[in-house]
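Structure file start29.cif; described as mmCIF, C-alpha atoms.
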data_structure
#
loop_
_atom_site.group_PDB
_atom_site.id
_atom_site.type_symbol
_atom_site.label_atom_id
_atom_site.label_comp_id
_atom_site.auth_asym_id
_atom_site.auth_seq_id
_atom_site.Cartn_x
_atom_site.Cartn_y
_atom_site.Cartn_z
ATOM 1 C CA MET J 37 -32.120 -11.529 35.345
ATOM 2 C CA LEU J 38 -32.596 -9.438 32.210
ATOM 3 C CA ARG J 39 -29.860 -7.084 33.382
ATOM 4 C CA ARG J 40 -27.492 -10.024 33.943
ATOM 5 C CA LEU J 41 -28.298 -11.448 30.482
ATOM 6 C CA SER J 42 -27.658 -8.042 28.884
ATOM 7 C CA ALA J 43 -24.325 -7.739 30.688
ATOM 8 C CA THR J 44 -23.349 -11.242 29.580
ATOM 9 C CA LEU J 45 -24.250 -10.511 25.957
ATOM 10 C CA LEU J 46 -22.339 -7.244 26.069
ATOM 11 C CA PHE J 47 -19.303 -9.051 27.498
ATOM 12 C CA LEU J 48 -19.498 -11.734 24.786
ATOM 13 C CA ALA J 49 -19.796 -9.117 22.035
ATOM 14 C CA ALA J 50 -16.749 -7.259 23.380
ATOM 15 C CA ALA J 51 -14.787 -10.497 23.667
ATOM 16 C CA CYS J 52 -15.697 -11.348 20.082
ATOM 17 C CA LEU J 53 -14.360 -7.987 18.865
ATOM 18 C CA VAL J 54 -11.129 -8.314 20.801
ATOM 19 C CA ALA J 55 -10.561 -11.930 19.765
ATOM 20 C CA GLY J 56 -11.245 -11.360 16.069
ATOM 21 C CA CYS J 57 -14.984 -12.070 15.900
ATOM 22 C CA GLY J 58 -14.897 -15.794 16.318
ATOM 23 C CA LYS J 59 -11.559 -16.430 14.671
ATOM 24 C CA ASN J 60 -9.155 -18.387 16.775
ATOM 25 C CA LYS J 61 -5.401 -17.905 16.614
ATOM 26 C CA PHE J 62 -5.077 -20.777 14.155
ATOM 27 C CA GLN J 63 -7.600 -19.266 11.732
ATOM 28 C CA GLN J 64 -5.868 -15.906 12.062
ATOM 29 C CA GLU J 65 -2.548 -17.558 11.234
ATOM 30 C CA VAL J 66 -3.993 -19.036 8.039
ATOM 31 C CA GLU J 67 -5.095 -15.549 6.985
ATOM 32 C CA THR J 68 -1.701 -14.088 7.868
ATOM 33 C CA GLU J 69 -0.010 -16.820 5.869
ATOM 34 C CA GLU J 70 -2.175 -16.112 2.815
ATOM 35 C CA VAL J 71 -1.290 -12.417 2.900
ATOM 36 C CA ALA J 72 2.416 -13.107 3.471
ATOM 37 C CA VAL J 73 2.688 -15.625 0.639
ATOM 38 C CA LYS J 74 0.758 -13.346 -1.741
ATOM 39 C CA LEU J 75 3.081 -10.470 -0.859
ATOM 40 C CA ALA J 76 6.209 -12.599 -1.293
ATOM 41 C CA ARG J 77 5.035 -13.817 -4.703
ATOM 42 C CA GLU J 78 4.273 -10.274 -5.832
ATOM 43 C CA VAL J 79 7.747 -9.106 -4.779
ATOM 44 C CA GLN J 80 9.376 -12.024 -6.560
ATOM 45 C CA GLN J 81 7.382 -11.386 -9.734
ATOM 46 C CA GLY J 82 7.882 -7.606 -9.603
ATOM 47 C CA LYS J 83 11.618 -7.675 -8.802
ATOM 48 C CA TYR J 84 11.513 -4.765 -6.369
ATOM 49 C CA GLU J 85 12.330 -4.419 -2.650
ATOM 50 C CA LEU J 86 10.011 -4.038 0.327
ATOM 51 C CA ILE J 87 10.540 -1.423 3.016
ATOM 52 C CA THR J 88 9.025 -0.898 6.447
ATOM 53 C CA THR J 89 7.396 2.180 7.922
ATOM 54 C CA GLU J 90 10.552 3.085 9.841
ATOM 55 C CA GLU J 91 12.737 2.594 6.756
ATOM 56 C CA LEU J 92 10.486 4.894 4.734
ATOM 57 C CA LYS J 93 10.506 7.478 7.517
ATOM 58 C CA GLU J 94 14.326 7.453 7.467
ATOM 59 C CA LEU J 95 14.398 7.750 3.675
ATOM 60 C CA LEU J 96 12.000 10.688 3.707
ATOM 61 C CA ASN J 97 14.036 12.427 6.392
ATOM 62 C CA GLY J 98 17.234 12.275 4.383
ATOM 63 C CA ASP J 99 16.561 11.825 0.650
ATOM 64 C CA ASN J 100 15.247 14.867 -1.204
ATOM 65 C CA SER J 101 15.538 13.147 -4.575
ATOM 66 C CA LEU J 102 13.215 10.278 -3.699
ATOM 67 C CA VAL J 103 10.154 9.864 -5.962
ATOM 68 C CA LEU J 104 7.171 8.895 -3.809
ATOM 69 C CA ILE J 105 4.137 7.487 -5.625
ATOM 70 C CA ASP J 106 0.683 7.056 -4.088
ATOM 71 C CA ALA J 107 -1.141 4.466 -6.232
ATOM 72 C CA MET J 108 -4.653 5.033 -4.852
ATOM 73 C CA PRO J 109 -7.650 6.815 -6.417
ATOM 74 C CA TYR J 110 -7.340 10.593 -6.364
ATOM 75 C CA GLU J 111 -10.841 11.628 -5.283
ATOM 76 C CA SER J 112 -11.585 8.978 -2.663
ATOM 77 C CA SER J 113 -8.101 8.638 -1.186
ATOM 78 C CA PHE J 114 -5.190 10.822 -2.289
ATOM 79 C CA LYS J 115 -7.092 14.128 -2.216
ATOM 80 C CA LYS J 116 -8.228 13.439 1.362
ATOM 81 C CA GLU J 117 -4.902 12.210 2.688
ATOM 82 C CA HIS J 118 -1.474 11.105 1.520
ATOM 83 C CA LEU J 119 2.151 11.122 2.613
ATOM 84 C CA ALA J 120 3.853 14.501 2.281
ATOM 85 C CA GLY J 121 5.529 14.915 -1.094
ATOM 86 C CA ALA J 122 3.732 12.020 -2.751
ATOM 87 C CA LYS J 123 2.632 12.150 -6.368
ATOM 88 C CA ASN J 124 -0.554 10.392 -7.372
ATOM 89 C CA PHE J 125 -0.921 7.811 -10.130
ATOM 90 C CA LEU J 126 -3.749 5.307 -9.962
ATOM 91 C CA PHE J 127 -3.139 1.585 -10.404
ATOM 92 C CA ASP J 128 -5.463 -1.413 -10.367
ATOM 93 C CA LYS J 129 -6.234 -2.803 -6.898
ATOM 94 C CA ASP J 130 -5.692 -6.400 -8.078
ATOM 95 C CA ALA J 131 -2.189 -7.668 -8.827
ATOM 96 C CA LYS J 132 -1.517 -7.634 -12.549
ATOM 97 C CA GLY J 133 1.423 -8.636 -14.657
ATOM 98 C CA THR J 134 3.425 -6.208 -16.754
ATOM 99 C CA GLU J 135 2.627 -7.786 -20.097
ATOM 100 C CA GLU J 136 0.005 -5.247 -21.117
ATOM 101 C CA TRP J 137 -0.705 -1.747 -19.814
ATOM 102 C CA ASP J 138 -4.275 -1.299 -18.537
ATOM 103 C CA ALA J 139 -5.113 2.352 -19.208
ATOM 104 C CA ALA J 140 -8.664 1.914 -17.914
ATOM 105 C CA ALA J 141 -7.278 0.978 -14.478
ATOM 106 C CA SER J 142 -5.089 4.119 -14.496
ATOM 107 C CA ASP J 143 -7.707 6.795 -15.197
ATOM 108 C CA ASN J 144 -6.938 6.427 -18.911
ATOM 109 C CA LYS J 145 -3.341 7.520 -18.434
ATOM 110 C CA SER J 146 -0.600 5.927 -20.467
ATOM 111 C CA LEU J 147 2.585 4.160 -19.525
ATOM 112 C CA LYS J 148 4.404 7.221 -20.914
ATOM 113 C CA ASP J 149 2.458 9.376 -18.428
ATOM 114 C CA TYR J 150 3.716 7.181 -15.594
ATOM 115 C CA GLU J 151 7.283 7.316 -16.867
ATOM 116 C CA LYS J 152 7.077 11.116 -17.127
ATOM 117 C CA LEU J 153 5.865 11.308 -13.508
ATOM 118 C CA LEU J 154 8.767 9.101 -12.363
ATOM 119 C CA GLY J 155 11.280 11.287 -14.195
ATOM 120 C CA ASP J 156 14.214 10.802 -16.544
ATOM 121 C CA ASP J 157 16.717 9.507 -13.973
ATOM 122 C CA LYS J 158 16.353 5.718 -14.118
ATOM 123 C CA SER J 159 18.642 5.393 -11.076
ATOM 124 C CA ALA J 160 16.418 7.590 -8.897
ATOM 125 C CA ARG J 161 14.974 5.962 -5.801
ATOM 126 C CA VAL J 162 11.276 5.252 -6.399
ATOM 127 C CA VAL J 163 9.008 4.312 -3.484
ATOM 128 C CA VAL J 164 5.400 3.335 -4.107
ATOM 129 C CA TYR J 165 2.573 2.752 -1.653
ATOM 130 C CA CYS J 166 -1.168 2.278 -1.450
ATOM 131 C CA GLY J 167 -3.508 1.691 1.486
ATOM 132 C CA PHE J 168 -2.409 -1.474 3.262
ATOM 133 C CA VAL J 169 -0.603 -4.790 2.799
ATOM 134 C CA LYS J 170 -3.462 -6.588 1.022
ATOM 135 C CA CYS J 171 -3.803 -3.792 -1.548
ATOM 136 C CA ALA J 172 -1.913 -4.628 -4.734
ATOM 137 C CA ARG J 173 -1.942 -1.136 -6.253
ATOM 138 C CA SER J 174 1.588 -0.570 -4.939
ATOM 139 C CA HIS J 175 2.695 -3.893 -6.430
ATOM 140 C CA ASN J 176 1.477 -2.818 -9.849
ATOM 141 C CA ALA J 177 3.145 0.598 -9.512
ATOM 142 C CA ALA J 178 6.458 -0.968 -8.441
ATOM 143 C CA ALA J 179 6.412 -3.702 -11.088
ATOM 144 C CA TRP J 180 5.784 -1.179 -13.872
ATOM 145 C CA ALA J 181 8.566 1.098 -12.592
ATOM 146 C CA VAL J 182 10.967 -1.859 -12.760
ATOM 147 C CA LYS J 183 9.681 -2.772 -16.224
ATOM 148 C CA LEU J 184 10.368 0.829 -17.337
ATOM 149 C CA GLY J 185 14.005 0.413 -16.282
ATOM 150 C CA TYR J 186 14.126 2.126 -12.885
ATOM 151 C CA SER J 187 16.772 0.342 -10.851
ATOM 152 C CA ASP J 188 16.028 1.424 -7.256
ATOM 153 C CA VAL J 189 12.345 0.604 -6.753
ATOM 154 C CA LYS J 190 10.888 -0.030 -3.326
ATOM 155 C CA ARG J 191 7.365 -0.927 -2.247
ATOM 156 C CA TYR J 192 6.072 0.342 1.061
ATOM 157 C CA ALA J 193 3.576 -2.469 1.582
ATOM 158 C CA GLY J 194 2.042 -1.219 4.850
ATOM 159 C CA GLY J 195 0.837 1.867 3.050
ATOM 160 C CA ILE J 196 -0.965 4.794 4.548
ATOM 161 C CA PHE J 197 -2.653 2.615 7.198
ATOM 162 C CA ALA J 198 0.720 1.559 8.650
ATOM 163 C CA TRP J 199 2.022 5.124 8.332
ATOM 164 C CA LYS J 200 -0.903 6.458 10.344
ATOM 165 C CA GLY J 201 -0.657 3.503 12.729
ATOM 166 C CA ALA J 202 2.894 4.606 13.537
ATOM 167 C CA GLY J 203 1.561 8.069 14.354
ATOM 168 C CA TYR J 204 3.137 9.858 11.402
ATOM 169 C CA PRO J 205 1.403 12.834 9.780
ATOM 170 C CA THR J 206 -0.324 12.966 6.416
ATOM 171 C CA GLU J 207 -1.477 15.864 4.303
ATOM 172 C CA SER J 208 -4.435 16.539 2.027
ATOM 173 C CA SER J 209 -4.907 18.218 -1.341
ATOM 174 C CA ASP J 210 -8.020 20.126 -0.234
#
Turn this file's structure into structure tokens for me.
Amino acid sequence: MLRRLSATLLFLAAACLVAGCGKNKFQQEVETEEVAVKLAREVQQGKYELITTEELKELLNGDNSLVLIDAMPYESSFKKEHLAGAKNFLFDKDAKGTEEWDAAASDNKSLKDYEKLLGDDKSARVVVYCGFVKCARSHNAAAWAVKLGYSDVKRYAGGIFAWKGAGYPTESSD
């Protein structure tokens, strides 16, 4: 009987993991909706475009002039793994407006430092990313690029998690 109880508990635990740990499809939809609406509002406020993993892959295969910005912390993220060719510039993980630059959230770097990293060509294609859709670092990076006058700014919202999920390679700075 103990063996049967253990097997039943193991089955229930596995089912819980597969089904979202107690969340039904309706609860999951509410969470998906929250993320989608948050993302849509950030895009509207930031005035940039979103791109998918496949669209970024195509851009990276054919556009040598693209400026790719990784908006995650250097030590805990970028140094360990990032998309090939990416430049690192830290942004706050919470969505912020572009009214006032927050140097503390950018490792005490200035807005001029960010502009220098992006380059002089305001028509250059700029693509920013962070970890995953819920992370707003890429929103902040994209919104500030637009505010600085760059006209072709795209946010890769899926970030490095989606990139890896698609089976694409990353590199490290070690």
Exactly which residues make up the result of the PyMOL selection byres ((chain J and resi 161) around 9) on this file, given as a compact mmCIF listing (two decimals) with C-alpha atoms, keeping the file's coordinate frame?
# COMPACT_ATOMS: atom_id res chain seq x y z
CA ASP J 99 16.56 11.82 0.65
CA SER J 101 15.54 13.15 -4.58
CA LEU J 102 13.22 10.28 -3.70
CA VAL J 103 10.15 9.86 -5.96
CA LEU J 104 7.17 8.90 -3.81
CA LYS J 158 16.35 5.72 -14.12
CA SER J 159 18.64 5.39 -11.08
CA ALA J 160 16.42 7.59 -8.90
CA VAL J 162 11.28 5.25 -6.40
CA VAL J 163 9.01 4.31 -3.48
CA TYR J 186 14.13 2.13 -12.88
CA SER J 187 16.77 0.34 -10.85
CA ASP J 188 16.03 1.42 -7.26
CA VAL J 189 12.34 0.60 -6.75
CA LYS J 190 10.89 -0.03 -3.33
Check: Any idea what the distance is between atom CA of Gly194 of chain J and atom CA of Phe168 of chain J?
Finding: 4.7 Å
Quick one: contact table of segment 58-112 of chain J to segment 123-143 of chain J, 10 Å max, nearest atom pair and distance in Å to one decimal per residue, counting all atoms listed in the file, chain and number order, as a Markdown table?
| residue | atom | partner | partner_atom | distance |
| --- | --- | --- | --- | --- |
| J:Lys74 | CA | J:Ala131 | CA | 9.5 |
| J:Leu75 | CA | J:Ala131 | CA | 10.0 |
| J:Glu78 | CA | J:Ala131 | CA | 7.6 |
| J:Gln81 | CA | J:Gly133 | CA | 8.2 |
| J:Gly82 | CA | J:Gly133 | CA | 8.3 |
| J:Val103 | CA | J:Lys123 | CA | 7.9 |
| J:Leu104 | CA | J:Lys123 | CA | 6.1 |
| J:Ile105 | CA | J:Lys123 | CA | 5.0 |
| J:Asp106 | CA | J:Asn124 | CA | 4.8 |
| J:Ala107 | CA | J:Leu126 | CA | 4.6 |
| J:Met108 | CA | J:Leu126 | CA | 5.2 |
| J:Pro109 | CA | J:Leu126 | CA | 5.5 |
| J:Tyr110 | CA | J:Asn124 | CA | 6.9 |
Next item on the list: Work out how far atom CA of Lys170 of chain J is from atom CA of Phe197 of chain J, in Å to one decimal.
Entry: 11.1 Å
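Of the residues under consideration (J:Leu154, J:Leu96, J:Cys166, J:Cys171), J:Leu154 shows the shortest atom-to-atom contact distance to Gly185 of chain J when counting all atoms listed in the file.
We find atom CA of Glu117 of chain J and atom CA of Trp199 of chain J to be spaced 11.4 Å apart.
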